[in-house]
Amino acid sequence: MRTQLLRNRSALAVAGVLLAGAPAAYTALADGHAPPVPVRGRPYIETRLLFGTARPDGGPAVTDRQFTAFVDKEITPDFPDGLTVQNGRGQWRDAHGTIEKERSYVLLLLYPESAAKAGDRKIEEIRRAYEKAFAQESVGRVDERAQVDF
């Protein structure tokens, strides 16, 4: 019985200590200021390229094999440290005003901010090469700053 009483008192003491700290934690969040989050990594640029596969002239869509060969030849040599390719489904309004729905690829590149100028030039070359090779009107591009740690 005495052991049970000691356990109950210990549990109440721990609960009291935890609850005593709760108002401060809720106050920090309630006033709109979250606790600081540590920033990890180094400054990088994240570039996403959006590659459509339908051809405006009605020709056959770009295949997985063709896209993989394009990545191997045109992208990997300039970004050998790594990249990510995701399959997608997208739509956009073409030059004639038609909404085109198509299978697509999203390419994710990360490169140090210090290499942004050289990276920009290489990425523009990649975009032009894809447009030319597969008769595309455009390759979408999104750039954002990121903190990256590997």
# chains A, B, ... in the order shown; residues from 1 in each chain; ligands from 1
>>> residues_around(residues="Glu144 of chain A", least_positions_apart="2", cutoff="10 Å", atoms="only C-alpha atoms", output="PyMOL selection string")
chain A and resi 44-48+110+142+146
>>> residues_around(residues="Ala61 of chain A", least_positions_apart="4", cutoff="12 Å", atoms="only C-alpha atoms", output="PyMOL selection string")
chain A and resi 51-57+65-67+101-104+134-136
>>> write_last_selection(atoms="N, CA and C atoms", output="JSON list (two decimals), in the first residue's frame")
[["chain", "number", "residue", "atom", "x", "y", "z"],
["A", 51, "PHE", "N", 9.21, 19.24, -67.96],
["A", 51, "PHE", "CA", 9.33, 18.76, -69.34],
["A", 51, "PHE", "C", 8.04, 18.10, -69.78],
["A", 52, "GLY", "N", 7.39, 18.66, -70.77],
["A", 52, "GLY", "CA", 6.22, 18.01, -71.34],
["A", 52, "GLY", "C", 6.65, 16.92, -72.31],
["A", 53, "THR", "N", 5.74, 16.01, -72.63],
["A", 53, "THR", "CA", 6.08, 14.92, -73.54],
["A", 53, "THR", "C", 5.25, 14.92, -74.83],
["A", 54, "ALA", "N", 4.14, 15.67, -74.85],
["A", 54, "ALA", "CA", 3.32, 15.72, -76.08],
["A", 54, "ALA", "C", 4.00, 16.66, -77.07],
["A", 55, "ARG", "N", 3.93, 16.30, -78.32],
["A", 55, "ARG", "CA", 4.55, 17.14, -79.36],
["A", 55, "ARG", "C", 3.48, 18.00, -80.02],
["A", 56, "PRO", "N", 3.77, 19.30, -80.13],
["A", 56, "PRO", "CA", 2.77, 20.21, -80.71],
["A", 56, "PRO", "C", 2.36, 19.83, -82.14],
["A", 57, "ASP", "N", 3.26, 19.17, -82.87],
["A", 57, "ASP", "CA", 2.94, 18.80, -84.25],
["A", 57, "ASP", "C", 2.13, 17.52, -84.35],
["A", 65, "ARG", "N", 12.38, 6.04, -72.47],
["A", 65, "ARG", "CA", 13.72, 5.74, -72.99],
["A", 65, "ARG", "C", 14.36, 6.99, -73.59],
["A", 66, "GLN", "N", 13.59, 7.75, -74.36],
["A", 66, "GLN", "CA", 14.12, 8.99, -74.96],
["A", 66, "GLN", "C", 14.48, 10.01, -73.88],
["A", 67, "PHE", "N", 13.61, 10.13, -72.87],
["A", 67, "PHE", "CA", 13.90, 11.11, -71.82],
["A", 67, "PHE", "C", 15.13, 10.70, -71.02],
["A", 101, "LYS", "N", -3.11, 18.59, -72.12],
["A", 101, "LYS", "CA", -2.90, 17.73, -70.96],
["A", 101, "LYS", "C", -1.93, 16.64, -71.40],
["A", 102, "GLU", "N", -0.91, 16.43, -70.56],
["A", 102, "GLU", "CA", 0.12, 15.49, -71.00],
["A", 102, "GLU", "C", 0.88, 14.89, -69.82],
["A", 103, "ARG", "N", 1.50, 13.77, -70.12],
["A", 103, "ARG", "CA", 2.45, 13.17, -69.19],
["A", 103, "ARG", "C", 3.67, 14.07, -69.19],
["A", 104, "SER", "N", 4.34, 14.17, -68.05],
["A", 104, "SER", "CA", 5.49, 15.07, -67.97],
["A", 104, "SER", "C", 6.54, 14.52, -67.02],
["A", 134, "PHE", "N", 12.84, 17.71, -79.10],
["A", 134, "PHE", "CA", 11.50, 17.12, -79.04],
["A", 134, "PHE", "C", 10.39, 18.07, -79.50],
["A", 135, "ALA", "N", 10.77, 19.10, -80.26],
["A", 135, "ALA", "CA", 9.81, 20.05, -80.84],
["A", 135, "ALA", "C", 8.85, 20.61, -79.79],
["A", 136, "GLN", "N", 9.40, 21.07, -78.67],
["A", 136, "GLN", "CA", 8.59, 21.62, -77.59],
["A", 136, "GLN", "C", 8.53, 23.14, -77.68]]
>>> closest_residue(among="A:Gly90, A:Pro38, A:Pro60, A:Gly140", to="Leu108 of chain A", atoms="only C-alpha atoms")
A:Gly140
>>> atom_distance(atom1="atom CA of Pro112 of chain A", atom2="atom CA of Gly41 of chain A")
10.6 Å
>>> select_by_dssp(residues="segment 40-98 of chain A", states="alpha helix (DSSP H)", output="ChimeraX atom specification")
/A:64-70
>>> atom_distance(atom1="atom CA of Glu100 of chain A", atom2="atom CA of Phe70 of chain A")
22.5 Å
>>> residues_around(residues="Ala129 of chain A", least_positions_apart="4", cutoff="8 Å", atoms="only C-alpha atoms", output="ChimeraX atom specification")
/A:74,125,133
>>> atom_distance(atom1="atom CA of Arg42 of chain A", atom2="atom CA of Glu113 of chain A")
8.5 Å
>>> residues_around(residues="Arg141 of chain A", least_positions_apart="6", cutoff="10 Å", atoms="only C-alpha atoms", output="PyMOL selection string")
chain A and resi 47-51+106-107+123-124+127
>>> write_last_selection(atoms="C-alpha atoms", output="mmCIF file, in the first residue's frame")
data_model
loop_
_atom_site.group_PDB
_atom_site.id
_atom_site.type_symbol
_atom_site.label_atom_id
_atom_site.label_comp_id
_atom_site.auth_asym_id
_atom_site.auth_seq_id
_atom_site.Cartn_x
_atom_site.Cartn_y
_atom_site.Cartn_z
ATOM 1 C CA THR A 47 15.765 24.453 -59.769
ATOM 2 C CA ARG A 48 12.810 22.459 -61.034
ATOM 3 C CA LEU A 49 12.409 21.938 -64.752
ATOM 4 C CA LEU A 50 9.045 20.860 -66.180
ATOM 5 C CA PHE A 51 9.334 18.763 -69.336
ATOM 6 C CA VAL A 106 9.834 17.104 -63.213
ATOM 7 C CA LEU A 107 13.609 17.398 -62.846
ATOM 8 C CA ILE A 123 20.117 25.059 -67.307
ATOM 9 C CA GLU A 124 19.199 27.395 -70.142
ATOM 10 C CA ARG A 127 15.968 23.849 -71.814
#
>>> closest_residue(among="A:Ala95, A:Tyr130, A:Ala115, A:Pro36", to="Lys73 of chain A", atoms="only C-alpha atoms")
A:Tyr130
